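The file coords-v8.csv contains CSV, C-alpha atoms and all ligand atoms:
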chain,number,residue,atom,x,y,z
I,1,MET,CA,-10.7,-2.5,12.9
I,2,ASP,CA,-8.5,-5.5,12.1
I,3,ILE,CA,-10.8,-6.4,9.2
I,4,LEU,CA,-10.8,-2.8,7.9
I,5,ILE,CA,-6.9,-2.7,7.9
I,6,ARG,CA,-6.8,-6.2,6.2
I,7,TYR,CA,-9.3,-4.9,3.6
I,8,LEU,CA,-7.3,-1.8,2.9
I,9,HIS,CA,-4.1,-3.8,2.7
I,10,LEU,CA,-5.6,-6.1,0.1
I,11,PHE,CA,-7.4,-3.2,-1.7
I,12,GLY,CA,-4.0,-1.4,-1.9
I,13,VAL,CA,-2.5,-4.6,-3.4
I,14,VAL,CA,-5.3,-4.8,-6.0
I,15,VAL,CA,-4.8,-1.1,-7.1
I,16,LEU,CA,-1.0,-1.5,-7.0
I,17,ALA,CA,-1.2,-4.6,-9.3
I,18,GLY,CA,-3.8,-3.0,-11.5
I,19,SER,CA,-1.9,0.2,-12.1
I,20,LEU,CA,1.3,-1.8,-12.8
I,21,ILE,CA,-0.5,-3.9,-15.3
I,22,ILE,CA,-1.8,-0.8,-17.0
I,23,GLU,CA,1.7,0.7,-17.1
I,24,ASN,CA,3.0,-2.5,-18.6
I,25,MET,CA,0.4,-2.5,-21.3
I,26,ALA,CA,0.7,1.2,-22.2
I,27,ILE,CA,4.5,1.3,-22.4
I,28,ALA,CA,6.2,0.8,-25.7
I,29,ARG,CA,9.5,1.9,-27.4
I,30,GLU,CA,7.7,5.0,-28.6
I,31,ILE,CA,4.7,6.6,-26.8
I,32,SER,CA,2.6,9.7,-27.5
I,33,ARG,CA,2.6,12.9,-25.5
I,34,GLU,CA,-0.9,11.9,-24.2
I,35,ASP,CA,0.4,8.5,-23.2
I,36,VAL,CA,3.1,10.2,-21.1
I,37,ARG,CA,0.6,12.3,-19.3
I,38,ASN,CA,-1.7,9.3,-18.6
I,39,LEU,CA,1.3,7.3,-17.4
I,40,VAL,CA,2.2,10.1,-14.9
I,41,LYS,CA,-1.4,9.8,-13.5
I,42,VAL,CA,-1.4,6.0,-13.3
I,43,ASP,CA,2.1,6.1,-11.8
I,44,GLY,CA,0.8,8.4,-9.1
I,45,ILE,CA,-2.0,6.0,-8.3
I,46,TYR,CA,0.7,3.2,-8.2
I,47,GLY,CA,2.8,5.2,-5.7
I,48,ALA,CA,-0.2,6.1,-3.5
I,49,SER,CA,-1.4,2.4,-3.4
I,50,ALA,CA,2.1,1.3,-2.4
I,51,VAL,CA,2.0,3.8,0.6
I,52,VAL,CA,-1.5,2.3,1.6
I,53,VAL,CA,-0.1,-1.2,1.4
I,54,LEU,CA,2.9,-0.3,3.4
I,55,ILE,CA,1.0,1.6,6.1
I,56,CYS,CA,-1.6,-1.1,6.5
I,57,GLY,CA,1.1,-3.8,6.4
I,58,LEU,CA,3.0,-2.0,9.2
I,59,ILE,CA,-0.2,-1.8,11.3
I,60,LEU,CA,-0.9,-5.5,10.8
I,61,LEU,CA,2.7,-6.2,11.8
I,62,LEU,CA,2.9,-4.0,14.9
I,63,ALA,CA,-0.7,-4.0,16.1
I,64,GLY,CA,-2.4,-7.0,14.5
I,65,PRO,CA,-3.7,-10.0,16.5
I,66,LYS,CA,-0.4,-11.9,16.2
I,67,PRO,CA,2.7,-10.7,18.0
I,68,SER,CA,5.2,-9.0,15.6
I,69,GLY,CA,7.8,-11.7,16.5
I,70,PHE,CA,5.5,-14.2,14.7
I,71,TYR,CA,6.5,-12.5,11.5
I,72,THR,CA,10.0,-11.1,12.2
I,73,ALA,CA,11.2,-14.6,13.2
I,74,ASN,CA,10.1,-16.0,9.8
I,75,PRO,CA,12.6,-15.8,6.9
I,76,VAL,CA,9.6,-15.8,4.5
I,77,PHE,CA,8.5,-12.4,6.0
I,78,HIS,CA,12.0,-11.0,5.3
I,79,VAL,CA,11.9,-12.3,1.7
I,80,LYS,CA,8.5,-10.6,1.3
I,81,MET,CA,9.8,-7.3,2.7
I,82,THR,CA,13.0,-7.6,0.5
I,83,LEU,CA,10.8,-8.1,-2.6
I,84,PHE,CA,8.6,-5.2,-1.7
I,85,VAL,CA,11.6,-2.9,-1.2
I,86,LEU,CA,13.1,-4.1,-4.4
I,87,VAL,CA,9.9,-3.3,-6.4
I,88,ALA,CA,9.8,0.1,-4.7
I,89,LEU,CA,13.4,0.9,-5.6
I,90,LEU,CA,12.9,-0.4,-9.2
I,91,SER,CA,9.9,1.8,-9.6
I,92,ILE,CA,11.9,5.0,-9.0
I,93,TYR,CA,13.5,4.8,-12.5
I,94,PRO,CA,10.3,4.7,-14.6
I,95,THR,CA,8.7,7.3,-12.3
I,96,VAL,CA,11.7,9.7,-12.8
I,97,PHE,CA,11.5,9.1,-16.6
I,98,PHE,CA,7.7,9.9,-16.7
I,99,LEU,CA,8.0,13.0,-14.5
I,100,ARG,CA,11.0,14.4,-16.5
I,101,ASN,CA,9.0,14.0,-19.7
I,102,ARG,CA,5.5,15.0,-18.5
I,103,LYS,CA,5.8,18.5,-20.1
I,104,THR,CA,7.3,17.3,-23.4
I,105,GLN,CA,6.1,19.2,-26.4
I,106,ALA,CA,7.2,16.5,-28.8
I,107,GLU,CA,4.3,14.5,-30.5
I,108,ARG,CA,6.1,11.2,-29.8
I,109,LEU,CA,8.6,10.2,-27.1
I,110,ALA,CA,11.3,7.5,-27.4
I,111,VAL,CA,11.3,5.2,-24.2
I,112,PRO,CA,14.6,3.6,-23.2
I,113,VAL,CA,14.4,-0.2,-23.2
I,114,ALA,CA,15.5,-0.2,-19.6
I,115,VAL,CA,12.3,1.6,-18.5
I,116,ILE,CA,10.3,-1.2,-20.2
I,117,ARG,CA,12.4,-4.0,-18.7
I,118,VAL,CA,12.1,-2.5,-15.2
I,119,LEU,CA,8.3,-2.3,-15.4
I,120,ARG,CA,8.2,-6.0,-16.6
I,121,LEU,CA,10.6,-7.0,-13.7
I,122,GLU,CA,8.4,-5.2,-11.1
I,123,LEU,CA,5.4,-7.2,-12.3
I,124,VAL,CA,7.3,-10.5,-12.1
I,125,LEU,CA,8.5,-9.7,-8.5
I,126,LEU,CA,5.0,-8.5,-7.5
I,127,VAL,CA,3.5,-11.9,-8.6
I,128,LEU,CA,5.7,-13.7,-6.0
I,129,ILE,CA,4.7,-11.6,-3.0
I,130,PRO,CA,1.2,-12.9,-2.3
I,131,ILE,CA,2.5,-16.5,-2.1
I,132,LEU,CA,4.9,-15.4,0.5
I,133,ALA,CA,2.2,-13.5,2.3
I,134,PHE,CA,0.0,-16.6,2.6
I,135,LEU,CA,2.9,-18.7,3.8
I,136,MET,CA,3.9,-16.1,6.4
I,137,ALA,CA,0.4,-15.6,7.7
I,138,ARG,CA,0.2,-19.4,8.4
I,139,GLY,CA,3.6,-19.5,10.1
I,140,ILE,CA,5.1,-21.6,7.4
I,141,GLY,CA,8.9,-21.1,7.4
I,142,LEU,CA,9.2,-20.7,11.2
R,1,LIG,C1,3.0,-5.6,-2.7
R,1,LIG,C2,3.3,-5.9,-1.4
R,1,LIG,C3,2.4,-6.8,-0.6
R,1,LIG,C4,1.5,-7.8,-0.9
R,1,LIG,C5,1.1,-8.3,-2.4
R,1,LIG,C6,0.9,-8.3,0.3
R,1,LIG,C7,0.0,-9.3,0.3
R,1,LIG,C8,-0.7,-9.7,1.5
R,1,LIG,C9,-1.7,-10.7,1.6
R,1,LIG,C10,-2.4,-11.3,0.4
R,1,LIG,C11,-2.0,-10.9,2.9
R,1,LIG,C12,-3.1,-11.8,3.4
R,1,LIG,C13,-2.5,-13.1,3.9
R,1,LIG,C14,-3.4,-14.0,4.7
R,1,LIG,O1,-4.2,-13.5,5.5
R,1,LIG,O2,-3.4,-15.2,4.4
R,1,LIG,C15,-1.1,-10.0,3.6
R,1,LIG,C16,-1.1,-10.0,5.0
R,1,LIG,C17,-0.2,-9.3,5.7
R,1,LIG,N1,0.8,-8.4,5.2
R,1,LIG,FE1,1.1,-8.0,3.3
R,1,LIG,N2,1.5,-7.6,1.3
R,1,LIG,C18,2.4,-6.7,0.8
R,1,LIG,C19,3.2,-5.8,1.6
R,1,LIG,C20,3.3,-5.9,2.9
R,1,LIG,C21,4.2,-5.0,3.7
R,1,LIG,C22,5.1,-4.0,3.1
R,1,LIG,C23,4.0,-5.4,5.0
R,1,LIG,C24,4.7,-4.9,6.2
R,1,LIG,C25,5.3,-3.8,6.4
R,1,LIG,C26,3.0,-6.4,5.1
R,1,LIG,C27,2.6,-7.1,6.2
R,1,LIG,C28,1.6,-7.9,6.3
R,1,LIG,C29,1.0,-8.5,7.5
R,1,LIG,C30,1.6,-8.3,8.9
R,1,LIG,C31,0.0,-9.3,7.2
R,1,LIG,C32,-1.0,-10.1,8.1
R,1,LIG,C33,-0.6,-11.6,8.1
R,1,LIG,C34,-1.5,-12.4,9.0
R,1,LIG,O3,-2.8,-12.4,8.8
R,1,LIG,O4,-1.0,-13.1,9.9
R,1,LIG,N3,2.6,-6.7,3.8
R,1,LIG,N4,-0.3,-9.3,2.8
What does this structure look like when you write it as structure tokens?
Ligand code: HEM
Amino acid sequence: MDILIRYLHLFGVVVLAGSLIIENMAIAREISREDVRNLVKVDGIYGASAVVVLICGLILLLAGPKPSGFYTANPVFHVKMTLFVLVALLSIYPTVFFLRNRKTQAERLAVPVAVIRVLRLELVLLVLIPILAFLMARGIGL
């Protein structure tokens, strides 16, 4: 069971990172109507994978082989959680933009620079999280 949850946690991370990379590659100052619809789908996968990562992470935290105090006493764990929450909060803005425009009839859609910057920033923050995960799992920072 522990292995399955670990696998799903990592699988969620892989899908999360993959969908965020696709979003970063597809986004531009101007995108087509088809791009918007595809981005809505990829963004849905991104959201679903974040939920899988969170649920499996919580199971590992609360019911994994190590006591939860092993993680909660470590500042590295709190930095990891803060980054995760930050990425989740940042992702609201592009999601709202894609959903608002999913039924656009215009051939081309102008994308605010802020949407592009937020997607780039999410990726930068996401890159840092696995390093923190490895440190935390080994009790470095306690
Ligand atoms: C994008 C976000 C996340 C990434 C990239 C990530 C990454 C990882 C990785 C790579 C590991 C394996 C570490 C190892 O075994 O050496 C891990 C384990 C773990 N993660 Fe996450 N994680 C994320 C979010 C979360 C969240 C939201 C939680 C808690 C709510 C969480 C809790 C845990 C726990 C408890 C472990 C087990 C550590 C151990 O084996 O002692 N993670 N995570």
Taking (12.2, -5.7, -0.8) in the file's own coordinates, collect the residues within 12 Å, counting all atoms listed in the file, and hand them back as a count of residues only.
22
From I:Ser49, I:Asn74, I:Ser68, I:Thr95, residue lying nearest Val118 in chain I [only C-alpha atoms]
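Of the candidates, the smallest distance to Val118 in chain I is held by I:Thr95.
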Exercise answer, 8 Å around ligand LIG 1 (chain R) with only C-alpha atoms and all ligand atoms, as a PyMOL selection string:
chain I and resi 6+9-10+13+16-17+50+53-62+64-66+68+71+77+80-81+83-85+126-139
Residue contacts of range 32-44 of chain I (6 Å, all atoms listed in the file) excluding same-chain residues fewer than 5 positions away, as a list in words
Ser19, Phe98, Arg102, Glu107 and Arg108 of chain I
Rounded to one decimal place, report the CA of Ala110 in chain I-CA of Val14 in chain I distance in Å.
29.7 Å
For CA of Tyr46 in chain I and CA of Ile3 in chain I, the interatomic separation in Å (one decimal)
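CA of Tyr46 in chain I sits 23.0 Å away from CA of Ile3 in chain I.
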What is the CA of Val52 in chain I to CA of Phe97 in chain I distance in Å?
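Calculated distance between CA of Val52 in chain I and CA of Phe97 in chain I is 23.4 Å.
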